[in-house]
Structures are given as C-alpha cells and as structure tokens.
>>> print(open('query.cif').read())   # mmCIF, C-alpha atoms and all ligand atoms
data_entry
loop_
_atom_site.label_atom_id
_atom_site.label_comp_id
_atom_site.auth_asym_id
_atom_site.auth_seq_id
_atom_site.Cartn_x
_atom_site.Cartn_y
_atom_site.Cartn_z
CA MET A 19 -7.10 4.58 9.88
CA PRO A 20 -3.47 5.54 9.92
CA SER A 21 -1.36 5.39 13.03
CA THR A 22 -1.04 2.70 15.63
CA GLY A 23 -3.18 -0.29 16.43
CA GLY A 24 -5.83 -1.36 13.99
CA GLU A 25 -4.90 -2.96 10.75
CA GLY A 26 -1.66 -4.45 9.64
CA THR A 27 1.45 -5.39 11.43
CA ARG A 28 3.87 -3.16 13.22
CA VAL A 29 7.54 -3.46 12.43
CA ALA A 30 10.40 -2.01 14.42
CA GLY A 31 12.70 -0.57 11.80
CA ASN A 32 16.39 0.13 11.98
CA ARG A 33 16.65 1.29 15.56
CA GLN A 34 19.31 -0.65 17.37
CA SER A 35 20.28 -0.59 21.01
CA ALA A 36 23.70 0.57 19.86
CA GLY A 37 22.15 3.96 19.09
CA LEU A 38 22.98 5.85 15.93
CA PRO A 39 25.07 4.47 13.07
CA PRO A 40 28.74 5.53 13.10
CA GLY A 41 29.39 9.16 12.18
CA GLN A 42 25.74 10.22 12.52
CA ARG A 43 24.45 12.97 14.80
CA ARG A 44 20.87 13.28 15.98
CA VAL A 45 18.93 16.37 14.89
CA ASN A 46 15.83 17.82 16.49
CA GLY A 47 12.61 17.66 14.55
CA TRP A 48 12.50 16.61 10.94
CA PRO A 49 14.53 18.64 8.48
CA VAL A 50 13.49 18.74 4.82
CA SER A 51 16.21 17.65 2.44
CA HIS A 52 16.03 16.98 -1.28
CA TYR A 53 17.36 18.06 -4.66
CA GLY A 54 15.19 20.38 -6.73
CA SER A 55 11.67 21.64 -6.06
CA VAL A 56 8.60 20.08 -4.48
CA PRO A 57 6.29 18.66 -7.16
CA ARG A 58 2.63 19.63 -7.16
CA PHE A 59 0.25 16.72 -6.62
CA ARG A 60 -2.23 16.36 -9.47
CA PRO A 61 -4.63 13.60 -8.40
CA ALA A 62 -6.13 13.12 -11.86
CA ARG A 63 -2.72 12.49 -13.39
CA TRP A 64 -1.12 10.58 -10.54
CA ASN A 65 -0.48 6.87 -10.61
CA LEU A 66 1.90 4.32 -9.18
CA ARG A 67 3.38 1.87 -11.64
CA VAL A 68 5.30 -1.37 -11.31
CA ILE A 69 7.37 -1.77 -14.46
CA GLY A 70 10.34 -3.73 -15.78
CA ALA A 71 10.85 -7.46 -15.38
CA THR A 72 7.58 -8.61 -13.84
CA ALA A 73 6.87 -12.35 -13.74
CA ASP A 74 4.00 -12.09 -16.23
CA GLY A 75 5.65 -9.39 -18.37
CA GLU A 76 2.79 -6.97 -17.63
CA GLU A 77 2.99 -3.55 -16.02
CA ARG A 78 0.72 -2.79 -13.11
CA ILE A 79 -0.83 0.63 -12.43
CA TRP A 80 -2.74 1.96 -9.43
CA LEU A 81 -4.57 5.25 -9.28
CA PHE A 82 -4.32 7.28 -6.10
CA ASP A 83 -7.74 6.17 -4.79
CA GLU A 84 -6.87 2.54 -5.35
CA LEU A 85 -3.96 2.55 -2.90
CA THR A 86 -6.20 2.31 0.16
CA ALA A 87 -7.35 -1.18 -0.92
CA LEU A 88 -3.78 -2.52 -0.64
CA PRO A 89 -2.37 -4.10 2.55
CA HIS A 90 -1.04 -1.62 5.11
CA SER A 91 1.31 -1.70 8.06
CA THR A 92 3.33 0.57 10.34
CA VAL A 93 7.10 0.90 10.63
CA VAL A 94 8.90 2.93 13.31
CA ALA A 95 12.42 3.94 12.35
CA ASP A 96 15.09 6.64 12.20
CA LEU A 97 16.09 8.39 8.97
CA HIS A 98 19.82 8.68 8.31
CA CYS A 99 21.05 11.24 5.77
CA ALA A 100 24.41 10.36 4.26
CA THR A 101 25.64 13.87 5.05
CA GLY A 102 25.62 12.87 8.74
CA THR A 103 22.28 13.88 10.25
CA THR A 104 19.71 11.49 11.68
CA SER A 105 16.12 12.39 12.50
CA THR A 106 14.60 9.89 14.88
CA ASP A 107 11.42 7.99 15.74
CA HIS A 108 9.44 8.32 12.55
CA GLU A 109 6.24 6.31 12.46
CA TRP A 110 5.51 5.43 8.86
CA TYR A 111 2.19 3.99 7.74
CA GLY A 112 1.63 2.60 4.28
CA ILE A 113 2.01 -0.36 1.97
CA PRO A 114 4.79 -2.81 2.84
CA ALA A 115 7.13 -3.26 -0.12
CA ARG A 116 6.77 -6.97 0.42
CA ALA A 117 3.06 -6.74 -0.23
CA LEU A 118 3.80 -5.04 -3.56
CA LEU A 119 6.19 -7.86 -4.45
CA GLU A 120 3.44 -10.38 -3.68
CA LEU A 121 0.88 -8.47 -5.75
CA VAL A 122 3.28 -8.09 -8.69
CA PRO A 123 5.85 -10.89 -8.51
CA PRO A 124 9.20 -10.15 -10.15
CA ALA A 125 10.54 -12.40 -12.90
CA PRO A 126 12.99 -15.05 -11.65
CA GLY A 127 16.06 -13.09 -12.86
CA VAL A 128 15.30 -9.91 -10.93
CA THR A 129 18.17 -8.88 -8.65
CA HIS A 130 17.60 -5.14 -8.10
CA VAL A 131 14.88 -2.53 -7.95
CA MET A 132 14.88 1.07 -9.18
CA ALA A 133 12.51 3.33 -7.25
CA TRP A 134 11.44 6.25 -9.48
CA ALA A 135 10.17 9.57 -8.22
CA GLU A 136 8.85 12.74 -9.87
CA TYR A 137 11.36 14.70 -12.00
CA GLY A 138 13.43 11.60 -12.72
CA TYR A 139 14.88 11.13 -9.24
CA ALA A 140 15.66 7.47 -8.75
CA ALA A 141 17.30 5.19 -6.21
CA ASN A 142 18.52 1.67 -6.91
CA MET A 143 18.72 -1.08 -4.35
CA ARG A 144 19.15 -4.81 -4.13
CA LEU A 145 15.91 -6.78 -4.31
CA SER A 146 16.70 -7.99 -0.79
CA ASP A 147 16.67 -4.37 0.47
CA PHE A 148 13.32 -3.69 -1.16
CA ASP A 149 12.03 -7.02 0.18
CA ALA A 150 13.15 -6.23 3.75
CA PRO A 151 10.43 -6.30 6.44
CA ASP A 152 10.92 -2.58 7.28
CA THR A 153 10.72 -1.27 3.69
CA ILE A 154 7.44 0.57 3.18
CA LEU A 155 5.66 2.77 0.66
CA ALA A 156 4.50 5.39 3.11
CA THR A 157 1.39 7.53 2.77
CA HIS A 158 1.32 8.72 6.39
CA HIS A 159 3.77 9.89 9.04
CA ASN A 160 2.96 10.00 12.75
CA GLY A 161 -0.71 9.51 11.95
CA GLU A 162 -1.02 12.29 9.38
CA PRO A 163 -0.79 12.22 5.59
CA LEU A 164 2.73 13.06 4.42
CA THR A 165 3.31 16.75 3.87
CA ALA A 166 4.22 17.90 0.35
CA GLU A 167 7.85 18.53 1.27
CA HIS A 168 8.23 15.08 2.84
CA GLY A 169 6.85 13.26 -0.19
CA PHE A 170 3.06 13.43 -0.41
CA PRO A 171 1.26 11.41 -1.63
CA LEU A 172 3.69 8.50 -1.49
CA ARG A 173 7.29 7.95 -0.58
CA LEU A 174 9.42 4.88 -0.34
CA VAL A 175 11.11 4.41 3.03
CA VAL A 176 14.04 2.01 3.32
CA PRO A 177 15.04 2.65 6.95
CA HIS A 178 18.08 0.38 6.97
CA LEU A 179 19.77 2.37 4.16
CA TYR A 180 20.80 6.05 3.93
CA GLY A 181 18.06 8.54 3.17
CA TYR A 182 18.87 8.90 -0.52
CA LYS A 183 17.47 5.38 -0.93
CA SER A 184 14.06 6.64 0.29
CA PRO A 185 12.60 8.60 -2.65
CA LYS A 186 9.89 11.11 -1.88
CA TRP A 187 7.10 11.54 -4.49
CA LEU A 188 7.41 7.92 -5.57
CA ARG A 189 5.82 7.12 -8.94
CA ALA A 190 7.21 3.79 -10.09
CA VAL A 191 9.04 0.67 -9.04
CA GLU A 192 11.13 -0.93 -11.75
CA TYR A 193 12.28 -4.53 -11.50
CA LEU A 194 15.84 -4.91 -12.81
CA THR A 195 17.71 -8.02 -13.94
CA GLU A 196 21.02 -6.19 -13.48
CA ASP A 197 22.06 -3.35 -11.22
CA ARG A 198 21.98 0.26 -12.44
CA ARG A 199 22.84 3.44 -10.55
CA GLY A 200 20.18 5.88 -9.43
CA PHE A 201 20.41 9.66 -9.04
CA TRP A 202 22.80 10.05 -6.08
CA GLU A 203 24.49 6.76 -6.83
CA GLU A 204 25.63 8.30 -10.13
CA ARG A 205 26.84 11.39 -8.29
CA GLY A 206 29.35 9.94 -5.89
CA TYR A 207 27.17 8.23 -3.30
CA HIS A 208 27.55 4.60 -2.36
CA ASN A 209 25.67 2.07 -4.45
CA ILE A 210 24.54 0.05 -1.41
CA GLY A 211 24.34 2.81 1.23
CA ASP A 212 24.29 0.84 4.49
CA PRO A 213 24.68 3.40 7.33
CA TRP A 214 25.80 0.76 9.84
CA ARG A 215 28.77 0.08 7.53
CA GLU A 216 29.14 3.79 6.82
CA GLN A 217 28.86 3.22 3.08
CA ARG A 218 28.51 6.90 2.16
CA TYR A 219 30.54 7.41 -1.01
CA SER A 220 31.06 5.44 -4.21
CA HIS A 221 34.85 5.51 -3.78
CA GLN A 222 34.34 3.20 -0.78
CA GLU A 223 32.65 0.54 -2.89
CA GLY A 224 34.31 -2.86 -2.83
CA PRO A 225 34.27 -5.45 -5.62
CA GLY A 226 30.73 -6.49 -6.43
CA GLU A 227 29.13 -3.58 -4.57
CA GLY A 228 28.45 -1.57 -7.72
CA PRO A 229 27.22 -2.33 -11.24
CA PRO A 230 29.92 -3.47 -13.66
CA GLN A 231 31.59 -0.41 -15.29
N1 LIG A 301 12.46 12.65 -4.81
C1 LIG A 301 13.48 12.81 -3.94
N2 LIG A 301 13.50 12.05 -2.84
C2 LIG A 301 14.49 12.17 -1.95
C3 LIG A 301 15.55 13.07 -2.15
C4 LIG A 301 15.53 13.86 -3.34
O1 LIG A 301 16.43 14.66 -3.62
N3 LIG A 301 14.47 13.70 -4.20
N4 LIG A 301 16.57 13.18 -1.22
C5 LIG A 301 16.77 12.02 -0.35
C6 LIG A 301 17.65 12.29 0.77
S1 LIG A 301 19.31 12.51 0.43
C7 LIG A 301 17.22 12.27 2.08
S2 LIG A 301 18.31 12.36 3.37
C8 LIG A 301 15.79 12.16 2.40
C9 LIG A 301 15.36 13.28 3.32
O2 LIG A 301 14.00 13.12 3.65
P1 LIG A 301 13.24 14.24 4.45
O3 LIG A 301 13.30 15.51 3.64
O4 LIG A 301 11.84 13.72 4.61
O5 LIG A 301 13.94 14.42 5.76
O6 LIG A 301 14.98 12.22 1.23
C10 LIG A 301 15.47 11.43 0.17
N5 LIG A 301 14.47 11.37 -0.85
MO MO A 302 20.39 12.71 2.40
#
>>> encode(input="query.cif", output="structure tokens")
Amino acid sequence: MPSTGGEGTRVAGNRQSAGLPPGQRRVNGWPVSHYGSVPRFRPARWNLRVIGATADGEERIWLFDELTALPHSTVVADLHCATGTTSTDHEWYGIPARALLELVPPAPGVTHVMAWAEYGYAANMRLSDFDAPDTILATHHNGEPLTAEHGFPLRLVVPHLYGYKSPKWLRAVEYLTEDRRGFWEERGYHNIGDPWREQRYSHQEGPGEGPPQ
C-alpha cells in the first residue's frame, strides 16, 4: 500500500533546517509545470526500460504491472523549479533509483544517467545523483497514484536537484559512459542543477561541470 508505514524505508529528502535554497520562494499547493502536452497513458504499450551501458550488455524491460514487484520506499521532499518556485512537503512513494541500479548494474565505465520521458524529454545527471538515497521512481504522491499532469504512471524524482532533473512520464533510464545534455540542459539550463549552489543556467557552469564541447 502506498503512503506511510508498511513496506520499505522512509527517506527524508532535501529539506534542510536552513529552509529553502537561495533565490527560491515557496508556493502554495502544487503547480503543474512542463513543456508540451500531457501524454495519454496506454497500459498495453507502456514499459520502462533500462538501456545503454549495462554490466551484462543487456537491456531490461518492465511492463506496467511488473513494477509492483520491485522494492518500494517513501521519500519526503520539496520540489524546486529553476525559475524560482518551490512546492513543499511532497511525499513520494515508488522504486528507489538505487534498487534499479542493483537490479540492473551499470557497466564499470558508467559515469552519468539519462532519464528519458515521453515525447523525447530527457534529463542527464551524474551517476552519483541517480544513486543518491533520495532519488526515486515515483508512482504515488501523498498516498495517491500520480495524476496525469504530474507524471502518471511513473516519474523520476531527484529532490536534491532542480525540478527539470525530475522527468514526468518516465520511460527509460540510459546508462552513459560520458556526459550528454538533456532537454533543458541543451536549452540554457545548468548541467548539474544543484539548487543549494543556485546552479540555474549553463553560463554559470565551471570547468568540468558540463560535457566537453
Ligand atoms: N516530461 C517532462 N518532465 C518534466 C518537465 C517537462 O517539461 N517534461 N518539466 C520539469 C520541470 S522544469 C519541473 S519544475 C517539474 C515540475 O513538476 P510538477 O509539474 O509536478 O510541479 O517537472 C519537470 N519534469
Ligand atoms: Mo522547472
């Protein structure tokens, strides 16, 4: 059952006693924010794939019904949009990214992950960000299945990075042996995206923070 107690561990996400990251303002409720339109969920066609540089060279595919058999946990965290708004106290329930990494180990040379969503949206991150204890493939929010506009049936949540690193409508996780920019990272947003360092825009990137030109 989703929500608190029961199975899995509970992880406190990015909330810090310091409050919000610099330059962020708290918003009431939970605004919907994304590029493009909300995809329709077609259960018969839906799957989640792990692709790219896996340790055994094989891809892995789960159908929608098969997700429930995977390990689950709960993460409570705020969601920081790089445009300056933060919605607070989200309780995410789903599959810890770490569990996925254990089920499908990356090849030794893997340094980054590309998270792919419907319509070609993608977000890249360091393997260490995907492997963080608060990174979760969420199916539920505050005890209910995700709504369509917030990413049903599955969204990645990386609470310690800006919201553009948390793709809604997740469909694949690609293991990368070198860094590559995702959707917003190609369009002027910071390649790392740490809100506590206010890494909003690509022009702020220091040496080594982006893929080689
Ligand atoms: N597939 C997809 N996921 C996405 C986006 C998007 O455009 N497409 N926008 C991101 C951005 S910029 C933010 S801030 C969050 C917002 O999540 P919310 O709509 O659940 O508040 O979704 C992220 N995930
Ligand atoms: Mo955002």
>>> closest_residue(input="query.cif", among="A:Pro163, A:Gly138, A:Pro230, A:Gly181", to="Arg218 (chain A)", atoms="only C-alpha atoms")
A:Gly181
>>> closest_residue(input="query.cif", among="A:Trp214, A:Phe201, A:Tyr139, A:Tyr180", to="ligand MO 302 (chain A)", atoms="only C-alpha atoms and all ligand atoms")
A:Tyr180
>>> residues_around(input="query.cif", residues="Ala141 (chain A)", least_positions_apart="4", cutoff="9 Å", atoms="all atoms listed in the file", output="list in words")
Val131, Met132, Ala133, Trp134, Ala135, Tyr182, Lys183, Ser184, Pro185, Arg199, Gly200, Phe201, Trp202 and Glu203 of chain A
>>> residues_near_ligand(input="query.cif", ligand="ligand LIG 301 (chain A)", cutoff="10 Å", atoms="only C-alpha atoms and all ligand atoms", output="ChimeraX atom specification")
/A:47-57,97-105,108,133-141,159,164-169,173-175,180-189,201-202,207
>>> axis_aligned_box(input="query.cif", around="region 197-215 of chain A", padding_each_side="8 Å", output="AutoDock Vina command-line options")
--center_x 24.8 --center_y 4.0 --center_z -1.3 --size_x 25.2 --size_y 30.7 --size_z 38.3
